Amino acid sequence: MTTTWTKERIMADAKENNVKFIRLMFTDILGTIKNVEIPLSQLSKALDNNMTFDGSSIEGFVRIEESDMYLVPDLQTWLIFDWNIASDDTKRIARLICDVETSSRELFSGDPRSNLKRVLEEMKELGFSDFYLGPEAEFFLFKLDEEGNPTMTLNDHGGYFDLAPTDLAENCRRDIVLELEALGFEIEASHHEVADGQHEIDWKYADAVTACDNIQTFKLIVKTVARRHHLHATFMPKPLFGINGSGMHFNMSLFTESDNSFYDESTRSGLSKTAKHFIAGLMEYAPAFTAVCNPTVNSYKRLVPGYEAPVYVAWSEKNRSPLIRIPAARGNSTRVELRSVDPSANPYLALATILSAGLKGIREELEAPAPVDCNIYSMTARERLDQGITSLPGSLQEAIHELKASDPILDALGPHISTSFIKAKTKEYEEHAKYVSPWEIEQYFTNY
């Protein structure tokens, strides 16, 4: 039975488990986890929503003259970590995930978590009750050097579903799974992925906000446990040339109070009109939300043909080459899988834009094209053109251009977040454009 946390229960649980420090965690616009750590003596103050921090020091938050902000803990995110902070393993650390309020005690429009909640309220106005997400986040493991710094040496050269001794990370993955299960995750699968040194751990779906909280917790646990094994875990989309990159597929379902709105037993496919409209919305606005779901220059080294990443805007009930796939399960398990998202994305912002795109499709009753059940990778450019199959943006610069031209996706982010996000990402691709890469030295240095 799930515990309903109150201030009194949290205070008692902290005392019973000898918690000494609490991390008040939140996420900035770029998706980086931030925290203010407090001693147990300040927990009551934090639970009364009276803990302040300097928002001007956080990427995309506020100016220095507006710096005082409040952290408002979500009591249902109370969690005690399973690691110790000293030789005395009875001294423990807990966490609370927080929303952010301004100095005037209003929800901060630049807080990604609160922004997702705003979009979910718009969903409820259309008559839906819940939006569920099951993510599939991939990551790489690299070795650390003798001083504990990350190297570019992969931990193993295993392949998809390989076993030890080819897969040398089994023990690390098992420890990650055990840590996650101790924190309440319901793990469904853990395995080596296609590329050397690449891994995936899947867990049960949850409501939208909880699922995004879980993604952030997952990243923290993976990195922490990997370091115990003298490894560096990275969620960088494409850390190495010539092998598959890391994705974070989003499996999504939309519910009313009574049932799964994506399922209709009377249709051949089992998909409802609502599901088809949702898919059409995703396809219509995919070029714009790609900037948010694939937010780094490096993301576009993954979104290229030949490495299983989805490049083409299409959908299918069968094959895995299009942007959108419909897994085989039906009934309440009917879901839409968006395959372009990568793990560098801020999950709260990514899901807000994706949900908004799907709701736009439902609201306007957009029609999805026919599914594409052949391998798009093997089609010629002419064949793709004849079937109306377009491509996702090929660079961060192109994606930001699409985002700036899309009012619905800008609205999904809100003025504060969209302005700050575009400013930060424009700076990123402009800086990258000036960088002289090793590839350029290799190609041009002696030839010209």
# chains A, B, ... in the order shown; residues from 1 in each chain; ligands from 1
$ select_by_dssp --residues "stretch 233-284 of chain A" --states "alpha helix (DSSP H)" --output "VMD selection string"
chain A and resid 273 to 284
$ write_last_selection --atoms "N, CA and C atoms" --output "tab-separated table (two decimals), in the first residue's frame"
chain	number	residue	atom	x	y	z
A	273	LYS	N	-10.20	6.82	-32.26
A	273	LYS	CA	-10.04	8.07	-32.98
A	273	LYS	C	-9.17	9.04	-32.18
A	274	THR	N	-9.33	9.03	-30.87
A	274	THR	CA	-8.52	9.90	-30.01
A	274	THR	C	-7.04	9.60	-30.19
A	275	ALA	N	-6.70	8.30	-30.25
A	275	ALA	CA	-5.29	7.91	-30.44
A	275	ALA	C	-4.78	8.41	-31.80
A	276	LYS	N	-5.59	8.27	-32.84
A	276	LYS	CA	-5.18	8.70	-34.17
A	276	LYS	C	-4.99	10.23	-34.21
A	277	HIS	N	-5.89	10.98	-33.56
A	277	HIS	CA	-5.74	12.44	-33.51
A	277	HIS	C	-4.48	12.82	-32.73
A	278	PHE	N	-4.22	12.10	-31.64
A	278	PHE	CA	-3.02	12.36	-30.82
A	278	PHE	C	-1.77	12.14	-31.67
A	279	ILE	N	-1.75	11.03	-32.40
A	279	ILE	CA	-0.61	10.72	-33.28
A	279	ILE	C	-0.44	11.81	-34.32
A	280	ALA	N	-1.55	12.26	-34.90
A	280	ALA	CA	-1.48	13.32	-35.91
A	280	ALA	C	-0.90	14.60	-35.32
A	281	GLY	N	-1.28	14.92	-34.08
A	281	GLY	CA	-0.72	16.09	-33.42
A	281	GLY	C	0.78	15.97	-33.20
A	282	LEU	N	1.23	14.79	-32.80
A	282	LEU	CA	2.67	14.57	-32.63
A	282	LEU	C	3.41	14.78	-33.94
A	283	MET	N	2.86	14.25	-35.02
A	283	MET	CA	3.52	14.37	-36.32
A	283	MET	C	3.52	15.81	-36.81
A	284	GLU	N	2.44	16.53	-36.56
A	284	GLU	CA	2.34	17.92	-37.01
A	284	GLU	C	3.37	18.80	-36.33
$ residues_around --residues "stretch 377-383 of chain A" --least-positions-apart "4" --cutoff "7 Å" --atoms "only C-alpha atoms" --output "list in words"
Pro305, Ser321 and Gln387 of chain A
$ select_by_dssp --residues "stretch 212-278 of chain A" --states "strand (DSSP E or B)" --output "list in words"
Leu231, His232, Ala233, Thr234, Met248, His249, Phe250, Asn251, Met252, Ser253, Leu254, Phe255, Asn260, Tyr263 and Leu271 of chain A
$ write_last_selection --atoms "N, CA and C atoms" --output "JSON list (two decimals), in the first residue's frame"
[["chain", "number", "residue", "atom", "x", "y", "z"],
["A", 231, "LEU", "N", 33.23, 3.45, -12.45],
["A", 231, "LEU", "CA", 32.75, 3.71, -13.80],
["A", 231, "LEU", "C", 32.09, 5.08, -13.87],
["A", 232, "HIS", "N", 32.06, 5.64, -15.07],
["A", 232, "HIS", "CA", 31.35, 6.90, -15.31],
["A", 232, "HIS", "C", 30.15, 6.61, -16.20],
["A", 233, "ALA", "N", 28.94, 6.92, -15.72],
["A", 233, "ALA", "CA", 27.73, 6.77, -16.51],
["A", 233, "ALA", "C", 27.41, 8.09, -17.18],
["A", 234, "THR", "N", 27.11, 8.04, -18.48],
["A", 234, "THR", "CA", 26.74, 9.26, -19.19],
["A", 234, "THR", "C", 25.44, 9.05, -19.96],
["A", 248, "MET", "N", 15.69, 7.84, -25.26],
["A", 248, "MET", "CA", 14.82, 7.73, -24.09],
["A", 248, "MET", "C", 13.38, 7.69, -24.62],
["A", 249, "HIS", "N", 13.00, 6.55, -25.18],
["A", 249, "HIS", "CA", 11.67, 6.42, -25.77],
["A", 249, "HIS", "C", 10.59, 6.73, -24.73],
["A", 250, "PHE", "N", 9.57, 7.44, -25.15],
["A", 250, "PHE", "CA", 8.44, 7.78, -24.29],
["A", 250, "PHE", "C", 7.23, 6.94, -24.69],
["A", 251, "ASN", "N", 6.77, 6.05, -23.79],
["A", 251, "ASN", "CA", 5.55, 5.29, -23.99],
["A", 251, "ASN", "C", 4.43, 5.98, -23.23],
["A", 252, "MET", "N", 3.40, 6.44, -23.96],
["A", 252, "MET", "CA", 2.40, 7.33, -23.37],
["A", 252, "MET", "C", 0.99, 6.80, -23.57],
["A", 253, "SER", "N", 0.14, 7.02, -22.56],
["A", 253, "SER", "CA", -1.28, 6.67, -22.66],
["A", 253, "SER", "C", -2.10, 7.74, -21.97],
["A", 254, "LEU", "N", -3.29, 7.96, -22.51],
["A", 254, "LEU", "CA", -4.18, 9.03, -22.07],
["A", 254, "LEU", "C", -5.48, 8.40, -21.57],
["A", 255, "PHE", "N", -5.87, 8.75, -20.34],
["A", 255, "PHE", "CA", -7.03, 8.11, -19.72],
["A", 255, "PHE", "C", -8.12, 9.12, -19.37],
["A", 260, "ASN", "N", -8.87, 3.72, -20.92],
["A", 260, "ASN", "CA", -7.79, 4.21, -21.77],
["A", 260, "ASN", "C", -8.38, 4.81, -23.04],
["A", 263, "TYR", "N", -7.71, 3.28, -26.67],
["A", 263, "TYR", "CA", -8.16, 1.93, -27.06],
["A", 263, "TYR", "C", -9.60, 1.95, -27.53],
["A", 271, "LEU", "N", -7.05, 0.85, -32.09],
["A", 271, "LEU", "CA", -6.76, 2.24, -31.77],
["A", 271, "LEU", "C", -8.02, 3.09, -31.94]]
$ closest_residue --among "A:Ala433, A:Met51, A:Leu133, A:Leu396" --to "A:Arg335" --atoms "only C-alpha atoms"
A:Leu133
$ residues_around --residues "A:Cys172" --least-positions-apart "6" --cutoff "10 Å" --atoms "only C-alpha atoms" --output "list in words"
Leu141, Leu178, Val222, Val225, Ala226, Arg227, Arg228, His229, His230 and Leu231 of chain A
$ write_last_selection --atoms "C-alpha atoms" --output "PDB file, in the first residue's frame"
ATOM      1  CA  LEU A 141      29.399   3.202 -18.988  1.00  0.00           C
ATOM      2  CA  LEU A 178      18.661  -3.082  -6.291  1.00  0.00           C
ATOM      3  CA  VAL A 222      22.789   5.423 -12.144  1.00  0.00           C
ATOM      4  CA  VAL A 225      26.169   3.528  -8.332  1.00  0.00           C
ATOM      5  CA  ALA A 226      28.379   3.530 -11.442  1.00  0.00           C
ATOM      6  CA  ARG A 227      31.016   5.534  -9.585  1.00  0.00           C
ATOM      7  CA  ARG A 228      31.044   2.901  -6.836  1.00  0.00           C
ATOM      8  CA  HIS A 229      32.074   0.447  -9.556  1.00  0.00           C
ATOM      9  CA  HIS A 230      34.805   2.831 -10.730  1.00  0.00           C
ATOM     10  CA  LEU A 231      32.752   3.707 -13.803  1.00  0.00           C
TER      11      LEU A 231
END
$ residues_around --residues "A:Gly31" --least-positions-apart "2" --cutoff "9 Å" --atoms "only C-alpha atoms" --output "list in words"
Thr27, Asp28, Ile29, Ile33, Pro112, Gln216, Ser344, Ala345, Asn346, Pro347, Tyr348 and Leu349 of chain A
$ closest_residue --among "A:Ser406, A:Thr426, A:Ser261, A:Asn115" --to "A:Pro295" --atoms "only C-alpha atoms"
A:Thr426
$ atom_distance --atom1 "atom CA of A:Val372" --atom2 "atom CA of A:Cys293"
22.9 Å
$ residues_around --residues "stretch 96-111 of chain A" --least-positions-apart "5" --cutoff "6 Å" --atoms "only C-alpha atoms" --output "JSON, numbers by chain"
{"A": [24, 25, 26, 61, 68, 69, 70, 71, 72, 73, 74, 77, 78, 416, 417]}
$ write_last_selection --atoms "N, CA, C and O atoms" --output "CSV table (one decimal), in the first residue's frame"
chain,number,residue,atom,x,y,z
A,24,LEU,N,16.7,19.2,-0.9
A,24,LEU,CA,15.5,19.8,-1.5
A,24,LEU,C,15.9,20.0,-3.0
A,24,LEU,O,16.6,20.9,-3.4
A,25,MET,N,15.3,19.1,-3.8
A,25,MET,CA,15.7,19.0,-5.2
A,25,MET,C,14.7,19.7,-6.2
A,25,MET,O,13.5,19.7,-5.9
A,26,PHE,N,15.3,20.3,-7.2
A,26,PHE,CA,14.4,20.8,-8.3
A,26,PHE,C,15.3,20.8,-9.6
A,26,PHE,O,16.4,20.4,-9.6
A,61,PHE,N,16.4,31.1,-14.7
A,61,PHE,CA,15.4,31.5,-13.7
A,61,PHE,C,15.2,33.0,-13.6
A,61,PHE,O,14.3,33.4,-14.4
A,68,ASP,N,15.3,36.2,-4.6
A,68,ASP,CA,14.7,35.4,-3.6
A,68,ASP,C,13.5,34.6,-4.1
A,68,ASP,O,12.5,35.1,-4.6
A,69,MET,N,13.6,33.2,-3.9
A,69,MET,CA,12.6,32.3,-4.3
A,69,MET,C,12.4,31.3,-3.2
A,69,MET,O,13.3,31.0,-2.4
A,70,TYR,N,11.2,30.6,-3.3
A,70,TYR,CA,10.9,29.6,-2.3
A,70,TYR,C,10.8,28.2,-2.9
A,70,TYR,O,10.4,28.0,-4.0
A,71,LEU,N,11.3,27.2,-2.1
A,71,LEU,CA,11.2,25.8,-2.5
A,71,LEU,C,10.0,25.2,-1.8
A,71,LEU,O,9.9,25.3,-0.5
A,72,VAL,N,9.1,24.7,-2.5
A,72,VAL,CA,7.9,24.1,-2.0
A,72,VAL,C,7.9,22.6,-2.2
A,72,VAL,O,7.6,22.1,-3.3
A,73,PRO,N,8.2,21.8,-1.1
A,73,PRO,CA,8.4,20.4,-1.3
A,73,PRO,C,7.0,19.7,-1.6
A,73,PRO,O,6.0,20.0,-1.1
A,74,ASP,N,7.1,18.7,-2.5
A,74,ASP,CA,6.0,17.8,-2.8
A,74,ASP,C,6.1,16.7,-1.8
A,74,ASP,O,7.1,15.9,-1.9
A,77,THR,N,7.0,13.0,-2.5
A,77,THR,CA,8.3,12.6,-3.1
A,77,THR,C,9.3,12.3,-2.0
A,77,THR,O,10.5,12.2,-2.3
A,78,TRP,N,8.9,12.3,-0.8
A,78,TRP,CA,9.8,11.9,0.4
A,78,TRP,C,10.4,10.6,0.1
A,78,TRP,O,9.7,9.6,-0.2
A,416,HIS,N,8.3,32.6,-20.3
A,416,HIS,CA,9.5,32.7,-19.5
A,416,HIS,C,10.5,31.5,-20.0
A,416,HIS,O,11.6,31.8,-20.3
A,417,ILE,N,9.9,30.3,-20.0
A,417,ILE,CA,10.8,29.2,-20.3
A,417,ILE,C,11.2,29.2,-21.8
A,417,ILE,O,12.4,29.0,-22.1
$ atom_distance --atom1 "atom CA of A:His192" --atom2 "atom CA of A:Ile326"
23.3 Å
$ closest_residue --among "A:Leu116, A:Ala288, A:Ile215, A:Val311" --to "A:Ile409" --atoms "only C-alpha atoms"
A:Ala288
$ closest_residue --among "A:Leu183, A:Leu40, A:Ile422, A:Val177" --to "A:Ile201" --atoms "only C-alpha atoms"
A:Val177
$ residues_around --residues "A:Leu392" --least-positions-apart "4" --cutoff "12 Å" --atoms "only C-alpha atoms" --output "PyMOL selection string"
chain A and resi 282-291+293-294+299-300+302-305+309-314+322-323+339-341+396+398-400+402
$ residues_around --residues "A:Lys117" --least-positions-apart "2" --cutoff "12 Å" --atoms "only C-alpha atoms" --output "PyMOL selection string"
chain A and resi 99+107-109+111-115+119-124+130-131+207-210+212+348-349+351-353+355-356+412-413
